[in-house]
file final_1.txt (compact mmCIF, C-alpha atoms and all ligand atoms)
# COMPACT_ATOMS: atom_id res chain seq x y z
CA MET K 295 0.69 -4.78 -5.84
CA PRO K 296 -0.82 -1.71 -4.21
CA GLU K 297 1.86 0.27 -2.39
CA LEU K 298 1.56 3.21 -0.01
CA PRO K 299 0.30 5.76 -2.57
CA GLU K 300 -2.36 3.37 -3.91
CA VAL K 301 -3.53 2.34 -0.44
CA GLU K 302 -3.64 5.99 0.62
CA THR K 303 -5.78 6.75 -2.45
CA VAL K 304 -8.33 4.13 -1.40
CA ARG K 305 -8.38 5.62 2.10
CA THR K 306 -8.79 9.26 1.13
CA VAL K 307 -11.33 8.67 -1.64
CA LEU K 308 -13.54 6.32 0.42
CA SER K 309 -13.21 7.85 3.90
CA PRO K 310 -16.18 10.25 3.57
CA TYR K 311 -18.41 7.30 2.60
CA ILE K 312 -17.25 4.98 5.39
CA VAL K 313 -16.55 7.00 8.52
CA GLY K 314 -19.67 7.42 10.64
CA GLN K 315 -21.47 4.45 9.06
CA THR K 316 -22.94 1.66 11.18
CA ILE K 317 -22.44 -1.94 10.03
CA SER K 318 -25.81 -3.69 9.87
CA HIS K 319 -24.33 -6.94 8.67
CA ALA K 320 -21.28 -8.55 7.08
CA VAL K 321 -20.85 -11.26 4.46
CA VAL K 322 -17.61 -13.15 3.86
CA ASN K 323 -17.46 -14.95 0.50
CA LEU K 324 -13.87 -16.15 0.74
CA THR K 325 -13.22 -17.73 4.15
CA LYS K 326 -9.46 -17.21 4.16
CA THR K 327 -9.92 -13.45 3.81
CA VAL K 328 -10.54 -13.22 7.57
CA ALA K 329 -7.13 -13.99 9.03
CA ASN K 330 -7.63 -14.32 12.77
CA LEU K 331 -11.25 -15.32 13.42
CA SER K 332 -13.76 -17.75 12.01
CA VAL K 333 -16.14 -16.18 9.50
CA ASN K 334 -19.03 -16.53 11.95
CA GLN K 335 -17.09 -14.90 14.76
CA PHE K 336 -16.11 -12.03 12.47
CA ILE K 337 -19.70 -11.47 11.34
CA GLN K 338 -20.99 -11.51 14.92
CA GLN K 339 -18.28 -9.14 16.18
CA VAL K 340 -18.67 -6.40 13.57
CA LYS K 341 -22.49 -6.35 13.49
CA GLY K 342 -23.95 -3.14 14.89
CA GLN K 343 -20.63 -1.34 15.26
CA THR K 344 -20.02 2.14 13.89
CA ILE K 345 -16.85 3.01 11.99
CA THR K 346 -15.28 6.02 13.71
CA ASN K 347 -12.09 6.47 11.68
CA PHE K 348 -10.24 5.06 8.68
CA THR K 349 -6.45 5.24 8.91
CA ARG K 350 -3.38 3.93 7.12
CA ARG K 351 0.01 2.69 8.32
CA GLY K 352 2.41 1.53 5.59
CA LYS K 353 0.27 -0.61 3.28
CA PHE K 354 -2.20 -1.50 6.08
CA LEU K 355 -5.60 0.16 6.47
CA THR K 356 -7.49 0.24 9.77
CA LEU K 357 -11.23 0.64 10.25
CA HIS K 358 -11.67 1.86 13.83
CA LEU K 359 -14.94 0.90 15.55
CA ASP K 360 -16.89 2.66 18.27
CA SER K 361 -16.37 -0.18 20.75
CA GLY K 362 -12.61 0.41 20.63
CA ALA K 363 -12.17 -2.67 18.44
CA TYR K 364 -10.72 -2.31 14.96
CA MET K 365 -10.34 -4.14 11.67
CA VAL K 366 -7.06 -4.19 9.76
CA VAL K 367 -7.04 -4.67 5.98
CA HIS K 368 -4.04 -5.61 3.83
CA PHE K 369 -4.50 -5.78 0.05
CA ARG K 370 -1.45 -7.96 -0.70
CA MET K 371 -1.34 -8.51 -4.50
CA THR K 372 -4.71 -7.45 -5.87
CA GLY K 373 -7.05 -6.26 -3.12
CA THR K 374 -9.06 -3.06 -3.17
CA LEU K 375 -12.21 -1.53 -1.70
CA THR K 376 -15.25 0.15 -3.20
CA VAL K 377 -18.46 1.62 -1.83
CA GLU K 378 -21.62 0.72 -3.76
CA ASN K 379 -25.38 0.73 -3.28
CA ALA K 380 -26.53 -2.60 -1.85
CA ASP K 381 -28.60 -3.31 -5.00
CA THR K 382 -25.64 -2.83 -7.38
CA PRO K 383 -24.57 -6.29 -8.59
CA SER K 384 -21.29 -7.47 -7.07
CA GLN K 385 -18.33 -7.83 -9.37
CA LYS K 386 -16.33 -11.07 -9.43
CA HIS K 387 -14.02 -11.72 -6.49
CA THR K 388 -16.01 -9.62 -4.03
CA ASN K 389 -14.67 -11.52 -1.05
CA LEU K 390 -16.08 -9.53 1.87
CA ILE K 391 -18.98 -7.08 2.18
CA LEU K 392 -19.97 -4.78 5.04
CA THR K 393 -23.53 -3.49 4.60
CA PHE K 394 -24.18 -0.18 6.29
CA ALA K 395 -27.43 0.97 7.87
CA ASN K 396 -27.66 3.68 5.16
CA GLY K 397 -28.03 1.00 2.45
CA LYS K 398 -24.50 1.33 1.07
CA GLN K 399 -21.93 -1.44 1.08
CA LEU K 400 -18.19 -1.42 1.61
CA ARG K 401 -16.94 -4.18 -0.71
CA TYR K 402 -13.56 -5.86 -0.59
CA ILE K 403 -12.54 -7.13 -4.04
CA ASP K 404 -9.44 -9.27 -4.47
CA SER K 405 -9.01 -11.33 -7.66
CA ARG K 406 -6.09 -13.40 -6.38
CA GLY K 407 -7.48 -13.63 -2.87
CA PHE K 408 -4.21 -13.19 -0.96
CA GLY K 409 -5.38 -10.13 0.98
CA HIS K 410 -6.43 -10.29 4.62
CA TRP K 411 -8.76 -8.72 7.16
CA TRP K 412 -8.16 -8.97 10.90
CA TYR K 413 -10.51 -8.07 13.75
CA PHE K 414 -9.03 -7.04 17.08
CA ALA K 415 -11.10 -6.50 20.22
CA PRO K 416 -10.03 -3.69 22.59
CA GLY K 417 -6.78 -4.67 24.30
CA GLN K 418 -6.16 -7.66 22.03
CA THR K 419 -2.62 -8.03 20.66
CA ASP K 420 -2.34 -6.86 17.05
CA THR K 421 -0.95 -9.77 15.04
CA SER K 422 -1.50 -8.24 11.58
CA GLY K 423 2.17 -7.33 11.21
CA GLN K 424 1.66 -3.58 11.26
CA GLN K 425 3.20 -3.36 14.73
CA LEU K 426 6.55 -4.34 13.18
CA LEU K 427 6.60 -1.53 10.62
CA GLY K 428 9.38 1.01 10.40
CA PRO K 429 8.59 4.73 10.12
CA GLU K 430 6.36 6.19 7.44
CA PRO K 431 8.27 7.66 4.45
CA GLN K 432 7.32 11.16 5.62
CA GLN K 433 9.09 10.51 8.94
CA VAL K 434 12.48 9.22 7.79
CA THR K 435 15.49 11.35 8.69
CA PHE K 436 19.06 11.39 7.38
CA ASP K 437 20.40 9.96 10.64
CA TYR K 438 17.84 7.17 10.66
CA LEU K 439 18.57 6.11 7.08
CA LYS K 440 22.32 6.31 7.67
CA LYS K 441 22.01 4.01 10.68
CA GLN K 442 19.65 1.56 8.96
CA LEU K 443 21.21 1.38 5.49
CA THR K 444 24.97 1.74 5.92
CA ARG K 445 25.36 -1.13 8.37
CA ARG K 446 24.00 -3.59 5.83
CA GLN K 447 25.62 -5.36 2.86
CA THR K 448 22.21 -5.85 1.25
CA ALA K 449 21.16 -4.25 -2.07
CA LEU K 450 19.48 -0.86 -1.67
CA LYS K 451 16.40 -2.15 -3.52
CA THR K 452 15.96 -4.94 -0.97
CA LEU K 453 16.46 -2.50 1.91
CA LEU K 454 13.81 -0.13 0.52
CA LEU K 455 11.37 -3.06 0.26
CA ASN K 456 11.99 -4.02 3.89
CA GLN K 457 8.84 -2.78 5.69
CA GLN K 458 10.68 -2.76 9.01
CA ILE K 459 13.12 -0.12 7.68
CA VAL K 460 10.58 2.13 5.92
CA ALA K 461 6.85 1.31 5.71
CA GLY K 462 4.88 1.36 2.47
CA ILE K 463 7.47 1.10 -0.33
CA GLY K 464 7.03 -1.74 -2.82
CA ASN K 465 8.60 -2.77 -6.13
CA ILE K 466 7.32 0.18 -8.18
CA TYR K 467 8.41 3.00 -5.89
CA ALA K 468 11.68 1.37 -4.84
CA ASP K 469 12.73 1.53 -8.52
CA GLU K 470 11.44 5.09 -8.89
CA ILE K 471 13.27 6.23 -5.75
CA CYS K 472 16.57 4.68 -6.90
CA PHE K 473 16.22 6.39 -10.31
CA ARG K 474 15.49 9.80 -8.81
CA CYS K 475 18.45 9.43 -6.48
CA GLN K 476 20.70 8.27 -9.38
CA ILE K 477 21.70 5.19 -7.38
CA ARG K 478 21.67 1.68 -8.80
CA PRO K 479 19.19 -0.57 -7.00
CA THR K 480 21.95 -3.19 -6.70
CA ARG K 481 24.21 -0.94 -4.62
CA ARG K 482 24.90 -2.32 -1.16
CA GLY K 483 23.68 -0.22 1.73
CA ALA K 484 27.18 0.03 3.20
CA THR K 485 28.50 1.76 0.06
CA LEU K 486 26.08 4.71 0.16
CA SER K 487 27.72 8.13 0.55
CA GLU K 488 26.37 10.93 2.74
CA THR K 489 25.29 12.79 -0.42
CA GLU K 490 23.36 9.75 -1.59
CA LEU K 491 21.79 9.28 1.85
CA GLN K 492 20.70 12.91 1.77
CA ARG K 493 19.12 12.38 -1.65
CA LEU K 494 17.27 9.33 -0.33
CA THR K 495 16.08 11.27 2.73
CA GLU K 496 14.50 13.89 0.47
CA THR K 497 13.32 11.62 -2.32
CA ILE K 498 11.58 8.83 -0.35
CA PRO K 499 8.82 11.13 1.03
CA ALA K 500 8.74 13.24 -2.15
CA VAL K 501 8.04 10.30 -4.46
CA MET K 502 5.30 8.98 -2.16
CA GLN K 503 3.64 12.39 -1.92
CA GLU K 504 3.85 12.95 -5.65
CA PHE K 505 2.14 9.65 -6.48
CA ILE K 506 -0.51 10.12 -3.78
CA GLN K 507 -1.43 13.33 -5.61
CA ILE K 508 -1.27 11.69 -9.07
CA HIS K 509 -3.55 8.82 -7.98
CA HIS K 510 -6.17 10.93 -6.24
CA VAL K 511 -9.39 10.94 -8.26
CA PRO K 512 -13.02 11.92 -7.55
CA PHE K 513 -15.15 9.22 -5.91
CA VAL K 514 -17.20 8.65 -9.10
CA VAL K 515 -14.09 8.00 -11.19
CA PHE K 516 -12.72 5.68 -8.53
CA ILE K 517 -15.93 3.63 -8.44
CA GLN K 518 -16.14 3.50 -12.26
CA SER K 519 -12.65 1.97 -12.24
CA LYS K 520 -13.89 -0.68 -9.75
CA GLY K 521 -11.46 0.67 -7.18
CA LEU K 522 -8.47 0.25 -9.47
CA SER K 523 -8.08 3.75 -10.93
CA TYR K 524 -4.59 3.89 -9.42
CA GLN K 525 -3.30 1.21 -11.80
CA LYS K 526 -2.56 3.79 -14.48
CA ASP K 527 1.19 3.70 -14.99
CA THR K 528 1.74 7.19 -16.30
CA ASN K 529 4.43 9.26 -14.60
CA ARG K 530 6.62 6.29 -13.74
CA ALA K 531 10.17 6.91 -14.94
CA VAL K 532 11.53 3.36 -14.79
CA TYR K 533 9.15 0.73 -13.39
CA GLY K 534 7.63 -1.30 -16.23
CA ARG K 535 9.74 0.56 -18.81
CA LYS K 536 12.57 -1.93 -19.42
CA GLY K 537 14.10 -1.36 -22.87
CA GLN K 538 12.51 2.07 -23.26
CA PRO K 539 14.72 5.18 -23.41
CA CYS K 540 15.70 6.79 -20.10
CA GLN K 541 13.82 10.07 -19.63
CA LYS K 542 17.07 11.79 -18.67
CA CYS K 543 19.72 10.47 -21.06
CA GLY K 544 17.91 8.40 -23.71
CA HIS K 545 19.85 5.19 -23.09
CA PRO K 546 17.64 2.07 -22.98
CA LEU K 547 16.63 1.14 -19.43
CA VAL K 548 17.88 -2.25 -18.30
CA GLY K 549 16.19 -4.93 -16.21
CA THR K 550 17.64 -7.17 -13.55
CA ARG K 551 16.45 -9.29 -10.65
CA ILE K 552 17.27 -8.35 -7.08
CA GLY K 553 16.12 -10.68 -4.33
CA GLN K 554 13.55 -12.36 -6.65
CA ARG K 555 12.08 -8.97 -7.63
CA SER K 556 12.30 -7.50 -11.12
CA SER K 557 14.04 -4.14 -11.20
CA VAL K 558 14.54 -1.55 -13.92
CA TYR K 559 17.21 1.14 -13.92
CA CYS K 560 19.45 3.26 -16.15
CA GLU K 561 23.05 2.05 -16.35
CA HIS K 562 24.11 5.51 -17.49
CA CYS K 563 22.35 7.74 -14.91
CA GLN K 564 22.42 5.46 -11.86
CA LYS K 565 25.79 4.75 -10.26
ZN ZN K 601 19.66 7.61 -18.02
call {"tool": "encode", "arguments": {"input": "final_1.txt", "output": "structure tokens"}}
result
Amino acid sequence: MPELPEVETVRTVLSPYIVGQTISHAVVNLTKTVANLSVNQFIQQVKGQTITNFTRRGKFLTLHLDSGAYMVVHFRMTGTLTVENADTPSQKHTNLILTFANGKQLRYIDSRGFGHWWYFAPGQTDTSGQQLLGPEPQQVTFDYLKKQLTRRQTALKTLLLNQQIVAGIGNIYADEICFRCQIRPTRRGATLSETELQRLTETIPAVMQEFIQIHHVPFVVFIQSKGLSYQKDTNRAVYGRKGQPCQKCGHPLVGTRIGQRSSVYCEHCQK
């Protein structure tokens, strides 16, 4: 599932090819992709509008339009975006296409089809869920984390996945953050020491920033990967490495399930 660094990669790589473009028409191939309008309403609303900005909040992307309306995109499990020439054949699972006046297309590809687009007119209440998000990882402070985490008996992993506490962290980076902080993902929030909270305060934004930089690729490479260049799993210390030796101590990493989510950690390094 794309998390903050992957979603940010899509935004930064595609922004120069999207911002300033006028939508000449839209096609929706999977009806349920559009979450809050009928397909016909969506197509009518976006036609002729110019994209003025492309922003991210947590794992949500927003395409701002010149009318003051905006579209929100959430990739869920398998969504991504590419920009292609209109005459380039569509790959499978291209569920939504915006054709620009310059002949290019912004294509939304989502093999499992769980992702959503919303359209909000100026002044309309945003029901995408992004209004409920906690702060961005770059904005968390020691005092904020102390207040949010230490009053809860929930596992740290589950707290890090809670988008209302910190926006943008998913299964991969929750495990990576716990490893860097040398804290077991099963530890209850209320048991975290001030030293551990300080480590989390520094590590949460650092891990996100590091993986944003790792994932960033030139536009051509991104398009060749069909918008999935970020799926390379290099540089992950624990996620997906169950049974492999810990990079720090060599002990085999162990797997467990926390709140229905698979988790990998080092029993030796993480306390
Ligand atoms: Zn270890």
call {"tool": "residues_near_ligand", "arguments": {"input": "final_1.txt", "ligand": "ligand ZN 601 (chain K)", "cutoff": "8 Å", "atoms": "all atoms listed in the file", "output": "list of chain:residue names"}}
result
K:Pro539, K:Cys540, K:Gln541, K:Lys542, K:Cys543, K:Gly544, K:His545, K:Pro546, K:Leu547, K:Cys560, K:Glu561, K:His562, K:Cys563, K:Gln564
call {"tool": "residues_around", "arguments": {"input": "final_1.txt", "residues": "region 468-483 of chain K", "least_positions_apart": "6", "cutoff": "6 Å", "atoms": "all atoms listed in the file", "output": "NGL selection string"}}
result
:K and (443-444 or 446-451 or 454 or 493 or 563-565)
call {"tool": "write_last_selection", "arguments": {"input": "final_1.txt", "atoms": "C-alpha atoms", "output": "compact mmCIF listing (two decimals), keeping the file's coordinate frame"}}
result
# COMPACT_ATOMS: atom_id res chain seq x y z
CA LEU K 443 21.21 1.38 5.49
CA THR K 444 24.97 1.74 5.92
CA ARG K 446 24.00 -3.59 5.83
CA GLN K 447 25.62 -5.36 2.86
CA THR K 448 22.21 -5.85 1.25
CA ALA K 449 21.16 -4.25 -2.07
CA LEU K 450 19.48 -0.86 -1.67
CA LYS K 451 16.40 -2.15 -3.52
CA LEU K 454 13.81 -0.13 0.52
CA ARG K 493 19.12 12.38 -1.65
CA CYS K 563 22.35 7.74 -14.91
CA GLN K 564 22.42 5.46 -11.86
CA LYS K 565 25.79 4.75 -10.26
call {"tool": "residues_around", "arguments": {"input": "final_1.txt", "residues": "Ile498 (chain K)", "least_positions_apart": "2", "cutoff": "8 Å", "atoms": "only C-alpha atoms", "output": "tab-separated table (two decimals) with C-alpha atoms, in the frame of the given file"}}
result
chain	number	residue	atom	x	y	z
K	431	PRO	CA	8.27	7.66	4.45
K	432	GLN	CA	7.32	11.16	5.62
K	471	ILE	CA	13.27	6.23	-5.75
K	494	LEU	CA	17.27	9.33	-0.33
K	495	THR	CA	16.08	11.27	2.73
K	496	GLU	CA	14.50	13.89	0.47
K	500	ALA	CA	8.74	13.24	-2.15
K	501	VAL	CA	8.04	10.30	-4.46
K	502	MET	CA	5.30	8.98	-2.16
call {"tool": "closest_residue", "arguments": {"input": "final_1.txt", "among": "K:Ile552, K:Pro499, K:Ile517, K:Tyr364", "to": "Asp420 (chain K)", "atoms": "all atoms listed in the file"}}
result
K:Tyr364
call {"tool": "closest_residue", "arguments": {"input": "final_1.txt", "among": "K:Phe394, K:Tyr467, K:Phe513, K:Trp411", "to": "Leu357 (chain K)", "atoms": "all atoms listed in the file"}}
result
K:Trp411
call {"tool": "closest_residue", "arguments": {"input": "final_1.txt", "among": "K:Thr349, K:Ser487, K:Thr393, K:Thr419", "to": "Val367 (chain K)", "atoms": "only C-alpha atoms"}}
result
K:Thr349
call {"tool": "closest_residue", "arguments": {"input": "final_1.txt", "among": "K:Thr344, K:Asn323, K:Thr489, K:Thr497", "to": "Ser384 (chain K)", "atoms": "all atoms listed in the file"}}
result
K:Asn323
call {"tool": "closest_residue", "arguments": {"input": "final_1.txt", "among": "K:Tyr524, K:Ile506, K:Gln442, K:Val515", "to": "Leu486 (chain K)", "atoms": "all atoms listed in the file"}}
result
K:Gln442
call {"tool": "atom_distance", "arguments": {"input": "final_1.txt", "atom1": "CA of Val307 (chain K)", "atom2": "CA of Gln338 (chain K)"}}
result
27.8 Å
call {"tool": "atom_distance", "arguments": {"input": "final_1.txt", "atom1": "CA of Lys520 (chain K)", "atom2": "CA of Phe369 (chain K)"}}
result
14.5 Å
call {"tool": "residues_around", "arguments": {"input": "final_1.txt", "residues": "Gln335 (chain K)", "least_positions_apart": "6", "cutoff": "12 Å", "atoms": "all atoms listed in the file", "output": "list in words"}}
result
Ala320, Val321, Val322, Thr325, Val328, Ala329, Lys341, Trp412, Tyr413, Phe414 and Ala415 of chain K
call {"tool": "decode", "arguments": {"input": "final_1.txt", "residues": "region 485-515 of chain K", "atoms": "N, CA and C atoms", "output": "short mmCIF file (atom, residue, chain, number, x, y, z; two decimals), in the first residue's frame"}}
result
data_model
loop_
_atom_site.label_atom_id
_atom_site.label_comp_id
_atom_site.auth_asym_id
_atom_site.auth_seq_id
_atom_site.Cartn_x
_atom_site.Cartn_y
_atom_site.Cartn_z
N THR K 485 3.63 2.97 28.06
CA THR K 485 4.90 2.52 28.65
C THR K 485 6.11 3.25 28.05
N LEU K 486 5.90 4.15 27.11
CA LEU K 486 7.03 4.79 26.42
C LEU K 486 7.70 5.81 27.35
N SER K 487 9.03 5.75 27.41
CA SER K 487 9.79 6.70 28.24
C SER K 487 9.99 8.01 27.48
N GLU K 488 10.46 9.02 28.20
CA GLU K 488 10.73 10.31 27.54
C GLU K 488 11.83 10.16 26.50
N THR K 489 12.83 9.33 26.80
CA THR K 489 13.91 9.08 25.83
C THR K 489 13.35 8.46 24.56
N GLU K 490 12.46 7.50 24.73
CA GLU K 490 11.87 6.84 23.56
C GLU K 490 10.97 7.80 22.79
N LEU K 491 10.24 8.64 23.50
CA LEU K 491 9.40 9.63 22.82
C LEU K 491 10.26 10.61 22.03
N GLN K 492 11.42 10.96 22.58
CA GLN K 492 12.32 11.87 21.88
C GLN K 492 12.85 11.20 20.61
N ARG K 493 13.18 9.91 20.73
CA ARG K 493 13.64 9.17 19.53
C ARG K 493 12.55 9.15 18.47
N LEU K 494 11.32 8.91 18.89
CA LEU K 494 10.20 8.89 17.92
C LEU K 494 10.02 10.25 17.27
N THR K 495 10.14 11.31 18.07
CA THR K 495 9.96 12.68 17.54
C THR K 495 10.96 12.96 16.43
N GLU K 496 12.18 12.46 16.60
CA GLU K 496 13.22 12.71 15.58
C GLU K 496 13.12 11.73 14.41
N THR K 497 12.74 10.50 14.72
CA THR K 497 12.79 9.44 13.71
C THR K 497 11.61 9.46 12.75
N ILE K 498 10.42 9.80 13.24
CA ILE K 498 9.22 9.80 12.37
C ILE K 498 9.45 10.68 11.13
N PRO K 499 9.82 11.97 11.30
CA PRO K 499 10.06 12.77 10.09
C PRO K 499 11.30 12.33 9.32
N ALA K 500 12.32 11.84 10.03
CA ALA K 500 13.57 11.47 9.35
C ALA K 500 13.36 10.28 8.41
N VAL K 501 12.62 9.28 8.86
CA VAL K 501 12.37 8.10 8.02
C VAL K 501 11.56 8.49 6.79
N MET K 502 10.55 9.32 6.99
CA MET K 502 9.72 9.76 5.85
C MET K 502 10.57 10.51 4.83
N GLN K 503 11.39 11.43 5.31
CA GLN K 503 12.22 12.25 4.42
C GLN K 503 13.22 11.37 3.66
N GLU K 504 13.80 10.43 4.39
CA GLU K 504 14.79 9.55 3.78
C GLU K 504 14.17 8.75 2.63
N PHE K 505 12.98 8.20 2.85
CA PHE K 505 12.37 7.37 1.81
C PHE K 505 11.78 8.22 0.67
N ILE K 506 11.39 9.46 0.96
CA ILE K 506 10.98 10.35 -0.13
C ILE K 506 12.17 10.53 -1.07
N GLN K 507 13.35 10.72 -0.50
CA GLN K 507 14.55 10.92 -1.33
C GLN K 507 14.93 9.64 -2.08
N ILE K 508 14.82 8.49 -1.40
CA ILE K 508 15.15 7.20 -2.04
C ILE K 508 14.23 6.94 -3.23
N HIS K 509 12.93 7.25 -3.06
CA HIS K 509 11.95 6.92 -4.10
C HIS K 509 11.98 7.87 -5.29
N HIS K 510 12.54 9.07 -5.09
CA HIS K 510 12.44 10.06 -6.18
C HIS K 510 13.25 9.61 -7.39
N VAL K 511 12.59 9.55 -8.53
CA VAL K 511 13.25 9.14 -9.77
C VAL K 511 12.90 10.13 -10.87
N PRO K 512 13.68 10.17 -11.97
CA PRO K 512 13.30 11.02 -13.10
C PRO K 512 11.95 10.57 -13.67
N PHE K 513 11.26 11.51 -14.30
CA PHE K 513 9.94 11.25 -14.89
C PHE K 513 9.96 10.01 -15.80
N VAL K 514 10.98 9.92 -16.65
CA VAL K 514 11.05 8.82 -17.64
C VAL K 514 11.10 7.46 -16.93
N VAL K 515 11.88 7.39 -15.88
CA VAL K 515 12.00 6.13 -15.13
C VAL K 515 10.67 5.80 -14.45
#
